There are 2 protein chains.
Amino acid sequence: MLRDVLEMQRKLQPDVLETLGKRYRILQYIRLMQPIGRRTLATQLSTSERVLRSETDFLKQQGLILIQSAGMLLTEEGNKLLEGLEQTVKYAFGLEDLERKLAGYLSVPKVIVVSGDSDELPVVKKELGRATVQQMKNRVSPGDVIAVAGGTTLASAADMMVPDAKWHNTIFVPARGGLGEKVEIQANTISSAMAMKAQASYRLLHVPDQLSEDTRRSLMQEPGVQEVLDLLKSASLVVHGIGEAKTMAGRRTTSASLRSRLEEGSAVAESFGYYVNQDGKVVHRENTVGLQWDELRSDQTVITVAGGSSKAKAIDAYMRYRPSSILITDEGAAKAILNQSGAPEATE
Amino acid sequence: MLRDVLEMQRKLQPDVLETLGKRYRILQYIRLMQPIGRRTLATQLSTSERVLRSETDFLKQQGLILIQSAGMLLTEEGNKLLEGLEQTVKYAFGLEDLERKLAGYLSVPKVIVVSGDSDELPVVKKELGRATVQQMKNRVSPGDVIAVAGGTTLASAADMMVPDAKWHNTIFVPARGGLGEKVEIQANTISSAMAMKAQASYRLLHVPDQLSEDTRRSLMQEPGVQEVLDLLKSASLVVHGIGEAKTMAGRRTTSASLRSRLEEGSAVAESFGYYVNQDGKVVHRENTVGLQWDELRSDQTVITVAGGSSKAKAIDAYMRYRPSSILITDEGAAKAILNQSGAPEATE
DNA sequence: TCTCTGCGGGACTTTAATCGTCCCGGCGGA
DNA sequence: TCCGCCGGGACGATTAAAGTCCCGCAGAGA
């Protein structure tokens with residue numbers, strides 16, 4: 001109930017909880033160290049002194065703290081408020097907490113965690129999609145080339161795409177050729193769907209898999225294909241998902257020998273057609289054309305999207321050893337990852 | 001539970017609920033009139049088009065509305081949010097609703113309603129006090145003269161007074177001389193207490209009641225008294241409470257003949273030493289020196305503070321016939337007033 | 001008793017966000 | 001076909017927030 005209201009409030013005013021938490025933290029610190037001076041507190045909270053000052057002025061006006069020459073201290077009312085708001089803040093910042101912990105554990109610059117578990121609620125996948133589109137918008141500039149991989153998660157991101165000035169003259173390019181999957185979740189389909197929804201342009205990479213090596217090579221020499229591959233290399237934004245190795249192998253037309261090879265190498269994660277084991281070692285690589293891991297440059301933004309507690313191991317295996325600028329995941333996956341990592345505080 | 005959280009949130013970020021309500025209203029209107037254009041909606045909501053535009057841009061980004069060339073319409077998510085937030089908003093804006101209705105009914109420019117009933121919870125009286133101080137601060141300028149009457153409500157306002165630059169060189173003056181009450185709630189005591197808490201200066205009006213007419217007249221000729229009376233006339237801010245006639249008569253040293261006179265005239269309210277009946281007619285006037293009603297000028301700000309459902313009739317009787325710039329009351333009184341006024345929608 | 005440090009708070013400048021205003025091209029109904 | 005309303009872009013003005021610097025004061029220590 002409270003959870004729902006907070007969730008809706010987050011929808012209607014996203015940064016409210018942020019400032020709420022900021023002020024809560026200030027009160028917390030004051031309670032902890034009272035009486036404490038402005039400058040000391042500012043360095044403790046690693047904010048500018050001026051910002052903290054306007055905050056404390058506000059808190060004073062609300063009658064929550066007293067400002068004396070010896071420093072600041074909580075009023076009785078401030079104390080009560082701090083107590084009463086404890087659970088609320090704990091929940092409201094569970095996600096931010098997860099983001100911070102995950103970013104540390106996986107060494108990713110930025111982690112976005114949406115609430116829920118996409119394994120349980122399909123809505124959460126849409127939420128992941130929306131978050132993905134938003135992050136893409138944050139990082140893209142008009143005229144950029146955007147490489148998009150396949151998967152069900154990215155398909156929902158394509159659903160959530162909306163036109164925006166940011167997409168002007170951008171080109172959406174599939175990150176890889178066909179991987180023998182259903183057409184709705186192929187990179188070609190998704191990148192073109194995104195482009196159309198964004199009212200941007202797109203290219204297709206028509207390279208079927210399961211070709212003979214010779215045919216494939218000659219196909220790659222084709223001007224149309226070559227152009228797309230060049231575009232792909234110039235992409236400033238790469239968006240991709242992560243799959244569980246078993247699910248992916250099942251989804252694709254995979255030979256029995258490959259299956260056993262994956263099992264032998266205990267592959268857990270798949271992305272871009274690469275299968276990796278728990279230590280991030282590549283067990284197998286699908287034989288398709290497109291973006292290669294070792295071609296990723298540091299000036300490219302790589303957005304990784306994957307959610308659901310069932311994908312926890314896959315995300316962990318992939319993220320710890322492969323570069324990514326932004327990880328977008330959900331609460332279920334985030335908690336599962338942190339739990340299996342052995343960090344006890346991740347449970348609560 | 002939810003109520004508490006919202007109340008605390010209001011403490012930590014007062015204008016949150018305001019913008020929440022604004023956005024909620026926008027969604028409401030869109031649901032009602034979809035598809036609707038920006039300009040049409042702006043005039044409906046009587047906001048600037050530009051403001052509404054940034055709001056709708058935001059709502060669009062949050063995926064709550066769709067913006068098409070035909071106009072704006074709700075998404076499914078927006079619909080759900082509107083439903084889910086209904087009760088929350090209803091509560092959160094119960095107070096604002098009351099303020100608006102009261103302002104209309106009593107013809108007061110501004111009404112502040114704090115939540116709760118000071119008859120039931122003593123805390124609410126403090127809240128009234130805080131609100132009073134805040135409104136005073138909004139209207140005062142350094143150097144102003146402030147006239148303060150007596151009463152328990154204003155005593156709690158004095159408790160809540162805090163130093164501020166606004167009080168520089170202000171002078172607090174009691175609105176009336178003694179009225180035979182306990183010293184803690186006399187105007188003299190309260191105005192001086194306020195002044196000291198505000199670190200401002202104050203004057204006292206030492207005119208005991210129950211003097212012979214001759215003595216009183218000669219006392220008023222005294223330079224010290226005369227100076228205070230002159231200051232009183234130059235006051236730019238007048239703060240006073242409203243009492244129930246019966247309570248006040250009981251509290252003061254009142255003769256039996258006066259009591260019967262008040263009863264005959266069916267006096268319900270008392271303020272400034274004036275007793276008025278339900279139609280605002282003056283039944284009796286205490287014989288003390290100080291500010292008179294007919295001396296109030298339109299350039300003065302009159303702040304009236306009174307709360308508690310028991311005072312509903314008194315507030316009603318006073319406010320409908322006497323000038324006041326700001327009425328500060330509580331939920332209990334506000335609802336009681338509107339209920340007895342015969343407005344059926346005030347109940348819920 | 002004197003100095004010296006850290007306190008709150010005032011004042012001014014700079015920066016960023018917001019809002020007012022004006023305009024354009026498109027789409028649909030008359 | 002024309003006209004009115006639609007969304008959306010652009011730019012200057014206004015205002016709020018933050019950066020910066022300084023001051024007087026109170027209390028601890030020499």
# chains A, B, ... in the order shown; residues from 1 in each chain; ligands from 1
call {"tool": "residues_around", "arguments": {"residues": "DA18 (chain D)", "least_positions_apart": "5", "cutoff": "8 Å", "atoms": "only C-alpha atoms (C1' of nucleotides)", "output": "number ranges by chain"}}
result
A: 50-51; C: 15
call {"tool": "write_last_selection", "arguments": {"atoms": "N, CA, C and O atoms (P, O5', C5', C4', C3', O3' and C1' of nucleotides)", "output": "compact mmCIF listing (two decimals), in the first residue's frame"}}
result
# COMPACT_ATOMS: atom_id res chain seq x y z
N ARG A 50 27.41 25.61 1.02
CA ARG A 50 26.28 26.50 0.72
C ARG A 50 24.98 25.72 0.56
O ARG A 50 23.92 26.13 1.02
N VAL A 51 25.09 24.59 -0.10
CA VAL A 51 23.90 23.75 -0.29
C VAL A 51 23.39 23.28 1.05
O VAL A 51 22.20 23.39 1.36
P DT C 15 29.87 32.02 -14.03
O5' DT C 15 28.71 30.95 -13.93
C5' DT C 15 28.73 29.98 -12.88
C4' DT C 15 27.36 29.35 -12.74
C3' DT C 15 26.76 28.85 -14.06
O3' DT C 15 26.53 27.46 -13.94
C1' DT C 15 25.17 30.06 -12.79
call {"tool": "residues_around", "arguments": {"residues": "region 269-280 of chain B", "least_positions_apart": "2", "cutoff": "9 Å", "atoms": "only C-alpha atoms (C1' of nucleotides)", "output": "PyMOL selection string"}}
result
chain B and resi 149-150+175-176+179+240-246+248-249+262+265-267+282-288+290-293+311+313-322
call {"tool": "interface_residues", "arguments": {"of": "chain B", "to": "chain C", "cutoff": "10 Å", "atoms": "only C-alpha atoms (C1' of nucleotides)", "output": "list in words"}}
result
Ser48, Glu49, Arg50, Val51, Ser54, Ser69, Ala70 and Ala165 of chain B
call {"tool": "atom_distance", "arguments": {"atom1": "CA of Val145 (chain A)", "atom2": "CA of Leu296 (chain A)"}}
result
13.8 Å
call {"tool": "residues_around", "arguments": {"residues": "Leu2 (chain B)", "least_positions_apart": "2", "cutoff": "9 Å", "atoms": "only C-alpha atoms (C1' of nucleotides)", "output": "ChimeraX atom specification"}}
result
/A:1-2,5 /B:4-7,88
call {"tool": "write_last_selection", "arguments": {"atoms": "C-alpha atoms", "output": "compact mmCIF listing (two decimals), in the first residue's frame"}}
result
# COMPACT_ATOMS: atom_id res chain seq x y z
CA MET A 1 0.00 0.00 0.00
CA LEU A 2 2.58 2.51 1.10
CA VAL A 5 1.83 5.23 -3.19
CA ASP B 4 1.63 9.91 8.81
CA VAL B 5 4.05 9.39 5.98
CA LEU B 6 2.42 12.09 3.93
CA GLU B 7 2.44 14.40 6.90
CA THR B 88 -3.95 9.81 -1.48
call {"tool": "interface_residues", "arguments": {"of": "chain D", "to": "chain B", "cutoff": "10 Å", "atoms": "only C-alpha atoms (C1' of nucleotides)", "output": "list in words"}}
result
DC5, DC6 and DG7 of chain D
call {"tool": "residues_around", "arguments": {"residues": "Gln134 (chain A)", "least_positions_apart": "3", "cutoff": "10 Å", "atoms": "only C-alpha atoms (C1' of nucleotides)", "output": "number ranges by chain"}}
result
A: 128-131, 137-139, 157, 160-162; B: 61-62
call {"tool": "write_last_selection", "arguments": {"atoms": "N, CA and C atoms", "output": "PDB file, in the first residue's frame"}}
result
ATOM      1  N   LEU A 128      11.956  -1.880 -17.534  1.00  0.00           N
ATOM      2  CA  LEU A 128      13.343  -1.981 -17.985  1.00  0.00           C
ATOM      3  C   LEU A 128      13.494  -1.315 -19.346  1.00  0.00           C
ATOM      4  N   GLY A 129      12.531  -1.582 -20.211  1.00  0.00           N
ATOM      5  CA  GLY A 129      12.584  -0.996 -21.543  1.00  0.00           C
ATOM      6  C   GLY A 129      12.553   0.517 -21.491  1.00  0.00           C
ATOM      7  N   ARG A 130      11.666   1.033 -20.652  1.00  0.00           N
ATOM      8  CA  ARG A 130      11.561   2.484 -20.551  1.00  0.00           C
ATOM      9  C   ARG A 130      12.848   3.096 -20.012  1.00  0.00           C
ATOM     10  N   ALA A 131      13.390   2.445 -18.997  1.00  0.00           N
ATOM     11  CA  ALA A 131      14.641   2.940 -18.425  1.00  0.00           C
ATOM     12  C   ALA A 131      15.747   2.917 -19.478  1.00  0.00           C
ATOM     13  N   LYS A 137      18.609   7.966 -24.510  1.00  0.00           N
ATOM     14  CA  LYS A 137      18.367   9.372 -24.837  1.00  0.00           C
ATOM     15  C   LYS A 137      19.388  10.268 -24.146  1.00  0.00           C
ATOM     16  N   ASN A 138      19.747   9.911 -22.934  1.00  0.00           N
ATOM     17  CA  ASN A 138      20.719  10.711 -22.191  1.00  0.00           C
ATOM     18  C   ASN A 138      22.079  10.727 -22.871  1.00  0.00           C
ATOM     19  N   ARG A 139      22.409   9.645 -23.519  1.00  0.00           N
ATOM     20  CA  ARG A 139      23.765   9.521 -24.039  1.00  0.00           C
ATOM     21  C   ARG A 139      23.896   9.810 -25.532  1.00  0.00           C
ATOM     22  N   ALA A 157      12.261  -2.833 -24.969  1.00  0.00           N
ATOM     23  CA  ALA A 157      12.809  -1.476 -25.068  1.00  0.00           C
ATOM     24  C   ALA A 157      12.326  -0.821 -26.354  1.00  0.00           C
ATOM     25  N   MET A 160       8.976   0.577 -26.034  1.00  0.00           N
ATOM     26  CA  MET A 160       8.889   1.795 -25.230  1.00  0.00           C
ATOM     27  C   MET A 160       9.489   3.013 -25.923  1.00  0.00           C
ATOM     28  N   MET A 161      10.065   2.790 -27.088  1.00  0.00           N
ATOM     29  CA  MET A 161      10.714   3.912 -27.778  1.00  0.00           C
ATOM     30  C   MET A 161       9.689   4.956 -28.210  1.00  0.00           C
ATOM     31  N   VAL A 162      10.036   6.224 -28.008  1.00  0.00           N
ATOM     32  CA  VAL A 162       9.156   7.298 -28.465  1.00  0.00           C
ATOM     33  C   VAL A 162       9.967   8.308 -29.258  1.00  0.00           C
TER      34      VAL A 162
ATOM     35  N   GLN B  61       7.197  11.998 -20.905  1.00  0.00           N
ATOM     36  CA  GLN B  61       8.451  11.265 -20.685  1.00  0.00           C
ATOM     37  C   GLN B  61       8.252  10.129 -19.686  1.00  0.00           C
ATOM     38  N   GLN B  62       7.335  10.336 -18.736  1.00  0.00           N
ATOM     39  CA  GLN B  62       7.071   9.305 -17.748  1.00  0.00           C
ATOM     40  C   GLN B  62       6.138   8.230 -18.291  1.00  0.00           C
TER      41      GLN B  62
END
call {"tool": "atom_distance", "arguments": {"atom1": "CA of Lys126 (chain B)", "atom2": "CA of Ser156 (chain B)"}}
result
5.8 Å
call {"tool": "closest_atom_pairs", "arguments": {"of": "chain B", "to": "chain A", "cutoff": "8 Å", "atoms": "only C-alpha atoms", "output": "JSON lines"}}
result
{"residue": "B:Leu2", "atom": "CA", "partner": "A:Leu2", "partner_atom": "CA", "distance": 6.3}
{"residue": "B:Asp4", "atom": "CA", "partner": "A:Gly84", "partner_atom": "CA", "distance": 8.0}
{"residue": "B:Val5", "atom": "CA", "partner": "A:Leu85", "partner_atom": "CA", "distance": 6.8}
{"residue": "B:Met8", "atom": "CA", "partner": "A:Leu81", "partner_atom": "CA", "distance": 6.5}
{"residue": "B:Gln9", "atom": "CA", "partner": "A:Leu20", "partner_atom": "CA", "distance": 7.5}
{"residue": "B:Lys11", "atom": "CA", "partner": "A:Gln62", "partner_atom": "CA", "distance": 6.6}
{"residue": "B:Leu12", "atom": "CA", "partner": "A:Leu20", "partner_atom": "CA", "distance": 6.6}
{"residue": "B:Gln13", "atom": "CA", "partner": "A:Leu20", "partner_atom": "CA", "distance": 7.2}
{"residue": "B:Val16", "atom": "CA", "partner": "A:Val16", "partner_atom": "CA", "distance": 7.2}
{"residue": "B:Leu20", "atom": "CA", "partner": "A:Leu12", "partner_atom": "CA", "distance": 6.6}
{"residue": "B:Arg23", "atom": "CA", "partner": "A:Leu12", "partner_atom": "CA", "distance": 7.1}
{"residue": "B:Leu59", "atom": "CA", "partner": "A:Leu12", "partner_atom": "CA", "distance": 7.5}
{"residue": "B:Gln62", "atom": "CA", "partner": "A:Lys11", "partner_atom": "CA", "distance": 6.6}
{"residue": "B:Leu81", "atom": "CA", "partner": "A:Met8", "partner_atom": "CA", "distance": 6.4}
{"residue": "B:Gly84", "atom": "CA", "partner": "A:Val5", "partner_atom": "CA", "distance": 7.6}
{"residue": "B:Leu85", "atom": "CA", "partner": "A:Val5", "partner_atom": "CA", "distance": 6.8}
{"residue": "B:Thr88", "atom": "CA", "partner": "A:Val5", "partner_atom": "CA", "distance": 7.6}
call {"tool": "select_by_dssp", "arguments": {"residues": "region 152-307 of chain A", "states": "strand (DSSP E)", "output": "ChimeraX atom specification"}}
result
/A:171-174,201-202,237-241,243-244,267-271,274-277,282-285,301-305
call {"tool": "atom_distance", "arguments": {"atom1": "CA of Ala193 (chain A)", "atom2": "CA of Asp159 (chain A)"}}
result
8.0 Å
